[in-house]
$ cat start_8.txt   # compact mmCIF, C-alpha atoms
# COMPACT_ATOMS: atom_id res chain seq x y z
CA ASP A 127 276.32 62.57 174.59
CA HIS A 128 273.50 62.70 172.04
CA PRO A 129 274.18 63.38 168.36
CA PRO A 130 272.90 66.72 167.05
CA PRO A 131 269.53 66.65 165.23
CA PRO A 132 269.71 66.40 161.44
CA VAL A 133 269.55 69.60 159.42
CA ALA A 134 266.04 68.85 158.16
CA ALA A 135 264.74 68.40 161.72
CA THR A 136 266.39 71.63 162.83
CA ALA A 137 264.85 73.50 159.90
CA ALA A 138 261.40 72.03 160.58
CA ALA A 139 261.61 73.00 164.25
CA ALA A 140 262.58 76.53 163.30
CA ARG A 141 259.60 76.83 160.97
CA ARG A 142 257.22 75.56 163.69
CA ARG A 143 258.57 78.12 166.16
CA ARG A 144 258.07 80.95 163.66
CA ARG A 145 254.51 79.87 162.82
CA SER A 146 253.53 79.67 166.48
CA ALA A 147 254.94 83.07 167.38
CA ASP A 148 252.45 85.90 167.72
CA ARG A 149 255.05 88.44 166.65
CA LEU A 150 258.52 88.60 165.17
CA PRO A 151 261.15 87.25 167.57
CA THR A 152 263.38 89.77 169.24
CA LEU A 153 266.69 90.42 167.54
CA GLU A 154 268.49 88.82 170.50
CA LEU A 155 266.52 85.55 170.25
CA GLU A 156 266.84 85.46 166.49
CA VAL A 157 270.60 85.94 166.55
CA ASP A 158 270.94 83.35 169.34
CA TYR A 159 269.13 80.74 167.22
CA LEU A 160 271.12 81.55 164.11
CA ARG A 161 274.43 81.33 165.95
CA ARG A 162 273.48 77.85 167.16
CA ALA A 163 273.08 76.75 163.54
CA PRO A 164 276.42 77.74 161.95
CA LEU A 165 276.20 75.08 159.24
CA LEU A 166 272.95 76.57 158.00
CA PHE A 167 274.16 80.14 158.22
CA PRO A 168 277.85 80.34 157.23
CA ARG A 169 279.44 83.76 157.07
CA LEU A 170 278.99 85.71 153.88
CA PHE A 171 281.90 88.14 154.13
CA ASN A 172 285.58 87.56 153.33
CA LEU A 173 284.77 84.64 151.04
CA PRO A 174 285.14 84.19 147.27
CA LEU A 175 281.92 84.99 145.44
CA HIS A 176 281.39 81.41 144.29
CA GLU A 177 281.61 80.19 147.91
CA ILE A 178 279.11 82.80 149.05
CA VAL A 179 276.66 81.63 146.39
CA ALA A 180 277.25 78.00 147.40
CA SER A 181 276.57 78.86 151.05
CA GLN A 182 273.32 80.57 150.12
CA ARG A 183 272.26 77.63 147.97
CA ALA A 184 272.78 75.27 150.90
CA ARG A 185 270.69 77.48 153.13
CA VAL A 186 267.84 77.67 150.61
CA LYS A 187 267.84 73.87 150.17
CA ALA A 188 267.66 73.46 153.96
CA GLY A 189 264.45 75.48 153.92
CA VAL A 190 265.54 77.83 156.66
CA ARG A 191 265.15 81.58 156.26
CA ALA A 192 265.55 84.27 158.86
CA GLN A 193 262.79 86.73 159.73
CA ASN A 194 263.68 89.71 157.58
CA ALA A 195 260.72 92.09 157.60
CA GLY A 196 260.04 91.99 153.88
CA VAL A 197 263.65 92.14 152.67
CA TRP A 198 264.00 90.50 149.26
CA LEU A 199 266.68 87.80 149.08
CA PRO A 200 267.63 86.46 145.63
CA ARG A 201 267.30 82.70 145.61
CA GLU A 202 270.97 81.92 145.05
CA LEU A 203 272.61 83.68 142.11
CA LEU A 204 273.71 86.93 143.76
CA PRO A 205 275.31 87.57 147.16
CA TRP A 206 272.66 88.54 149.68
CA PRO A 207 274.73 91.22 151.49
CA LEU A 208 275.11 93.15 148.24
CA CYS A 209 271.43 92.97 147.27
CA VAL A 210 270.11 93.69 150.75
CA ALA A 211 272.45 96.66 151.22
CA MET A 212 271.20 98.13 147.93
CA GLN A 213 267.59 97.71 149.07
CA HIS A 214 268.26 99.46 152.37
CA ILE A 215 270.21 102.26 150.69
CA GLU A 216 267.27 102.97 148.39
CA ALA A 217 264.70 102.65 151.19
CA LEU A 218 266.67 105.12 153.34
CA GLY A 219 266.76 107.68 150.55
CA GLY A 220 270.33 106.92 149.55
CA LEU A 221 269.84 107.62 145.86
CA VAL A 222 269.59 111.31 146.68
CA ALA A 223 271.66 111.44 149.91
CA ASP A 224 274.43 114.02 149.74
CA GLY A 225 277.79 112.32 149.30
CA ILE A 226 276.40 108.78 149.19
CA PHE A 227 279.31 106.30 149.08
CA ARG A 228 281.81 109.16 149.45
CA GLU A 229 280.86 109.91 153.05
CA SER A 230 281.93 107.17 155.47
CA GLY A 231 279.56 105.53 157.91
CA ASN A 232 280.21 104.86 161.57
CA ALA A 233 282.83 102.10 161.91
CA ASP A 234 281.08 100.41 164.86
CA ALA A 235 277.74 100.45 163.04
CA VAL A 236 279.31 98.93 159.91
CA LYS A 237 280.85 96.16 162.03
CA GLU A 238 277.51 95.47 163.69
CA LEU A 239 275.82 95.26 160.31
CA GLU A 240 278.44 92.77 159.13
CA ILE A 241 277.81 90.60 162.20
CA ARG A 242 274.06 90.74 161.69
CA PHE A 243 274.30 89.87 158.00
CA ASN A 244 276.70 87.01 158.73
CA ASP A 245 274.15 85.76 161.28
CA GLY A 246 271.33 85.87 158.75
CA VAL A 247 269.68 89.01 160.11
CA TYR A 248 269.19 91.34 157.15
CA HIS A 249 266.61 93.79 158.47
CA LEU A 250 267.59 96.92 160.37
CA ASN A 251 265.07 96.53 163.20
CA GLY A 252 265.65 95.75 166.88
CA GLY A 253 268.64 96.04 169.13
CA ASN A 254 270.26 99.35 169.93
CA ALA A 255 271.05 100.14 166.31
CA ASN A 256 270.16 103.39 164.59
CA PHE A 257 271.73 102.75 161.22
CA THR A 258 272.12 105.57 158.71
CA VAL A 259 272.20 105.30 154.95
CA HIS A 260 275.94 106.02 155.07
CA ASP A 261 276.45 103.07 157.44
CA VAL A 262 274.78 100.73 154.94
CA ALA A 263 276.64 102.26 151.99
CA SER A 264 279.93 101.71 153.83
CA LEU A 265 278.92 98.10 154.47
CA LEU A 266 278.37 97.57 150.74
CA LYS A 267 281.86 98.92 149.99
CA HIS A 268 283.31 96.81 152.82
CA PHE A 269 281.69 93.66 151.42
CA LEU A 270 283.26 94.25 148.00
CA ARG A 271 286.68 95.26 149.32
CA THR A 272 286.98 92.19 151.54
CA LEU A 273 286.43 89.73 148.70
CA PRO A 274 289.63 87.64 148.36
CA ASP A 275 289.76 88.66 144.69
CA ALA A 276 288.17 91.72 143.12
CA ILE A 277 285.00 91.48 141.05
CA ILE A 278 287.18 91.81 137.95
CA PRO A 279 289.85 89.12 138.51
CA THR A 280 293.49 90.10 138.76
CA HIS A 281 294.47 88.41 135.50
CA LEU A 282 292.43 91.07 133.66
CA TYR A 283 293.97 93.97 135.57
CA GLU A 284 296.60 95.01 133.00
CA TYR A 285 294.08 94.85 130.15
CA CYS A 286 291.74 97.12 132.11
CA LEU A 287 294.57 99.58 132.73
CA ALA A 288 295.31 99.70 129.02
CA LEU A 289 291.66 100.51 128.30
CA GLY A 290 291.69 103.22 130.93
CA ASP A 291 294.86 104.76 129.53
CA SER A 292 293.48 105.44 126.05
CA PRO A 293 290.13 105.92 124.30
CA ALA A 294 288.36 102.56 124.47
CA SER A 295 285.33 101.36 122.57
CA ALA A 296 282.33 99.91 124.35
CA SER A 297 282.97 96.57 122.66
CA ARG A 298 286.46 96.30 124.18
CA ILE A 299 285.12 97.08 127.66
CA MET A 300 282.38 94.50 127.16
CA ARG A 301 285.09 91.92 126.54
CA VAL A 302 286.13 92.42 130.15
CA VAL A 303 282.55 92.05 131.40
CA ASN A 304 282.08 88.85 129.39
CA ALA A 305 285.45 87.43 130.45
CA VAL A 306 284.81 87.39 134.20
CA PRO A 307 283.28 84.31 135.89
CA ASP A 308 279.49 84.03 135.79
CA VAL A 309 278.80 85.03 139.40
CA ASN A 310 281.26 87.94 139.13
CA GLN A 311 279.49 89.11 135.99
CA ARG A 312 276.14 89.04 137.75
CA VAL A 313 277.55 91.10 140.60
CA LEU A 314 279.21 93.51 138.19
CA ARG A 315 276.03 94.05 136.19
CA ARG A 316 273.92 94.55 139.33
CA LEU A 317 276.45 96.98 140.81
CA VAL A 318 276.89 99.03 137.63
CA ASN A 319 273.12 99.22 137.15
CA PHE A 320 272.66 100.47 140.73
CA LEU A 321 275.45 103.05 140.52
CA GLN A 322 274.05 104.37 137.25
CA ARG A 323 270.78 105.03 139.08
CA VAL A 324 272.70 106.90 141.77
CA ALA A 325 274.18 109.09 139.03
CA TYR A 326 270.90 109.81 137.21
CA PRO A 327 270.84 113.58 136.51
CA GLN A 328 267.88 114.17 138.84
CA ASN A 329 269.66 112.28 141.65
CA GLN A 330 273.11 113.68 140.94
CA ALA A 331 271.75 117.19 141.38
CA ARG A 332 271.10 116.31 145.04
CA ASN A 333 273.73 113.69 145.92
CA ARG A 334 276.59 115.32 143.97
CA MET A 335 277.88 111.91 142.88
CA SER A 336 278.74 111.83 139.19
CA LEU A 337 279.99 108.72 137.40
CA GLY A 338 283.50 110.12 137.83
CA ASN A 339 283.04 110.53 141.58
CA LEU A 340 281.60 107.03 141.86
CA ALA A 341 284.54 105.67 139.87
CA VAL A 342 286.93 107.16 142.44
CA VAL A 343 285.08 105.31 145.22
CA PHE A 344 284.48 101.99 143.46
CA ALA A 345 287.67 101.47 141.45
CA PRO A 346 289.29 99.73 144.48
CA CYS A 347 286.17 97.56 144.79
CA MET A 348 286.19 96.42 141.17
CA LEU A 349 289.93 96.21 140.43
CA ARG A 350 292.88 95.06 142.50
CA TYR A 351 296.52 95.24 141.47
CA PRO A 352 298.47 91.96 141.46
CA ALA A 353 300.32 90.84 144.56
CA GLY A 354 303.89 92.10 144.61
CA THR A 355 303.11 95.40 142.88
CA ASP A 356 305.29 98.10 144.41
CA THR A 357 303.70 101.15 146.03
CA LEU A 358 304.83 103.67 143.43
CA THR A 359 303.45 101.59 140.57
CA ALA A 360 300.18 101.06 142.39
CA MET A 361 299.81 104.81 142.96
CA ALA A 362 300.65 105.56 139.33
CA ASN A 363 297.96 103.13 138.17
CA THR A 364 295.21 104.76 140.24
CA SER A 365 294.16 107.24 137.56
CA LYS A 366 293.96 104.47 134.93
CA GLU A 367 291.84 102.33 137.24
CA ARG A 368 289.42 105.20 137.81
CA ALA A 369 289.28 106.01 134.11
CA PHE A 370 288.43 102.41 133.24
CA VAL A 371 285.72 102.18 135.91
CA GLU A 372 284.18 105.45 134.78
CA LEU A 373 284.01 104.06 131.23
CA LEU A 374 282.47 100.87 132.58
CA LEU A 375 279.85 102.81 134.55
CA GLY A 376 278.88 104.60 131.35
CA LEU A 377 277.96 101.37 129.56
CA PRO A 378 274.28 100.36 129.22
CA LEU A 379 274.73 97.04 131.04
CA ASP A 380 271.52 95.11 131.61
CA ASP A 381 270.84 94.17 135.21
CA VAL A 382 270.62 90.37 135.61
CA ARG A 383 267.03 90.63 136.85
CA ALA A 384 266.00 92.35 133.63
CA GLY A 385 267.03 89.28 131.67
CA GLY A 386 264.94 86.90 133.74
CA ASP A 387 267.98 84.96 134.94
CA ASP A 388 267.36 85.54 138.60
CA ASP A 389 264.74 83.68 140.61
CA ASP A 390 263.10 85.72 143.33
CA ASP A 391 262.21 84.37 146.73
CA ASP A 392 260.38 86.90 148.85
CA ASP A 393 260.83 86.97 152.56
$ encode --input "start_8.txt" --output "structure tokens"
Amino acid sequence: DHPPPPVAATAAAARRRRRSADRLPTLELEVDYLRRAPLLFPRLFNLPLHEIVASQRARVKAGVRAQNAGVWLPRELLPWPLCVAMQHIEALGGLVADGIFRESGNADAVKELEIRFNDGVYHLNGGNANFTVHDVASLLKHFLRTLPDAIIPTHLYEYCLALGDSPASASRIMRVVNAVPDVNQRVLRRLVNFLQRVAYPQNQARNRMSLGNLAVVFAPCMLRYPAGTDTLTAMANTSKERAFVELLLGLPLDDVRAGGDDDDDDD
């Protein structure tokens, strides 16, 4: 048996193959290559946010990037599935799509998108897929809901409920934003900024998704009740969760890109 080639050699070979190709590789060939390099392309779903960022950093350092038809991938500070899903949603007209995020996508299509993203294929071209904007929006929700811990960690859950149960000042809500880990805060700011655009008056007139409607959809993505909470208590807390998230969505949070914290790396 021969030892596997080093990562650097594998990356260099991949770059040579891409330069010599007259056209983009087929989806099947691309996925086949990526699946033979699992160390370079670890899965990006069902992992803590800090592990996702670490996986992306390792991939960037290896110098290997998938063919992604112009999709922008942040260098390392934000999870790629989140950012790519937002790009596709906007490109597919999702900001004005009726019932965006409320209407569910096709379950099989969402699963296929998860597999593709885990394999490093972030474009929507090739294969037998005919993805809709609701498929991609459902993938974004799925990515957030399958995080081992919510964007706002569980130890802040009761404080958030208290804010949602009574009039809360912007400064008290900002304490929550500033108390979450750095990568969570980046995700939270990017997500809030995007959802605020969905709810712009000119978009809301067509998509019928107000901040309140978006809070209903995204409260389970941002908050998660502690383990061991009984069903009745969890149900009783739902309205407080939604109220807090609606307040959060109303805050003028700066997107991380606006502050110059995020290095771009165009594909």
$ residues_around --input "start_8.txt" --residues "region 272-274 of chain A" --least-positions-apart "2" --cutoff "8 Å" --atoms "all atoms listed in the file" --output "PyMOL selection string"
chain A and resi 171-175+268-270+276-277
$ closest_residue --input "start_8.txt" --among "A:Leu250, A:Leu218, A:Val343, A:Leu375" --to "Ile299 (chain A)" --atoms "only C-alpha atoms"
A:Leu375
$ atom_distance --input "start_8.txt" --atom1 "CA of Met335 (chain A)" --atom2 "CA of Asp308 (chain A)"
28.8 Å
$ residues_near_point --input "start_8.txt" --point "(278.8, 101.2, 160.8)" --cutoff "9 Å" --atoms "all atoms listed in the file" --output "ChimeraX atom specification"
/A:230-240,257-258,260-262,264-265
$ closest_residue --input "start_8.txt" --among "A:Phe370, A:Tyr326, A:Phe320, A:Tyr283" --to "Pro352 (chain A)" --atoms "all atoms listed in the file"
A:Tyr283
$ atom_distance --input "start_8.txt" --atom1 "CA of Asn319 (chain A)" --atom2 "CA of Trp198 (chain A)"
17.5 Å
$ atom_distance --input "start_8.txt" --atom1 "CA of Leu282 (chain A)" --atom2 "CA of Ile226 (chain A)"
28.5 Å
$ closest_residue --input "start_8.txt" --among "A:Val247, A:Leu337, A:Ala296, A:Met212" --to "Arg316 (chain A)" --atoms "only C-alpha atoms"
A:Met212
$ axis_aligned_box --input "start_8.txt" --around "region 292-304 of chain A" --padding-each-side "4 Å" --output "AutoDock Vina command-line options"
--center_x 287.8 --center_y 97.4 --center_z 127.0 --size_x 19.4 --size_y 25.1 --size_z 16.8
$ residues_near_point --input "start_8.txt" --point "(278.9, 95.5, 143.5)" --cutoff "9 Å" --atoms "only C-alpha atoms" --output "PDB file with C-alpha atoms, keeping the file's coordinate frame"
ATOM      1  CA  LEU A 208     275.110  93.150 148.240  1.00  0.00           C
ATOM      2  CA  CYS A 209     271.430  92.970 147.270  1.00  0.00           C
ATOM      3  CA  LEU A 266     278.370  97.570 150.740  1.00  0.00           C
ATOM      4  CA  LYS A 267     281.860  98.920 149.990  1.00  0.00           C
ATOM      5  CA  PHE A 269     281.690  93.660 151.420  1.00  0.00           C
ATOM      6  CA  LEU A 270     283.260  94.250 148.000  1.00  0.00           C
ATOM      7  CA  ILE A 277     285.000  91.480 141.050  1.00  0.00           C
ATOM      8  CA  VAL A 313     277.550  91.100 140.600  1.00  0.00           C
ATOM      9  CA  LEU A 314     279.210  93.510 138.190  1.00  0.00           C
ATOM     10  CA  ARG A 315     276.030  94.050 136.190  1.00  0.00           C
ATOM     11  CA  ARG A 316     273.920  94.550 139.330  1.00  0.00           C
ATOM     12  CA  LEU A 317     276.450  96.980 140.810  1.00  0.00           C
ATOM     13  CA  VAL A 318     276.890  99.030 137.630  1.00  0.00           C
ATOM     14  CA  PHE A 320     272.660 100.470 140.730  1.00  0.00           C
ATOM     15  CA  LEU A 321     275.450 103.050 140.520  1.00  0.00           C
ATOM     16  CA  PHE A 344     284.480 101.990 143.460  1.00  0.00           C
ATOM     17  CA  CYS A 347     286.170  97.560 144.790  1.00  0.00           C
ATOM     18  CA  MET A 348     286.190  96.420 141.170  1.00  0.00           C
TER      19      MET A 348
END
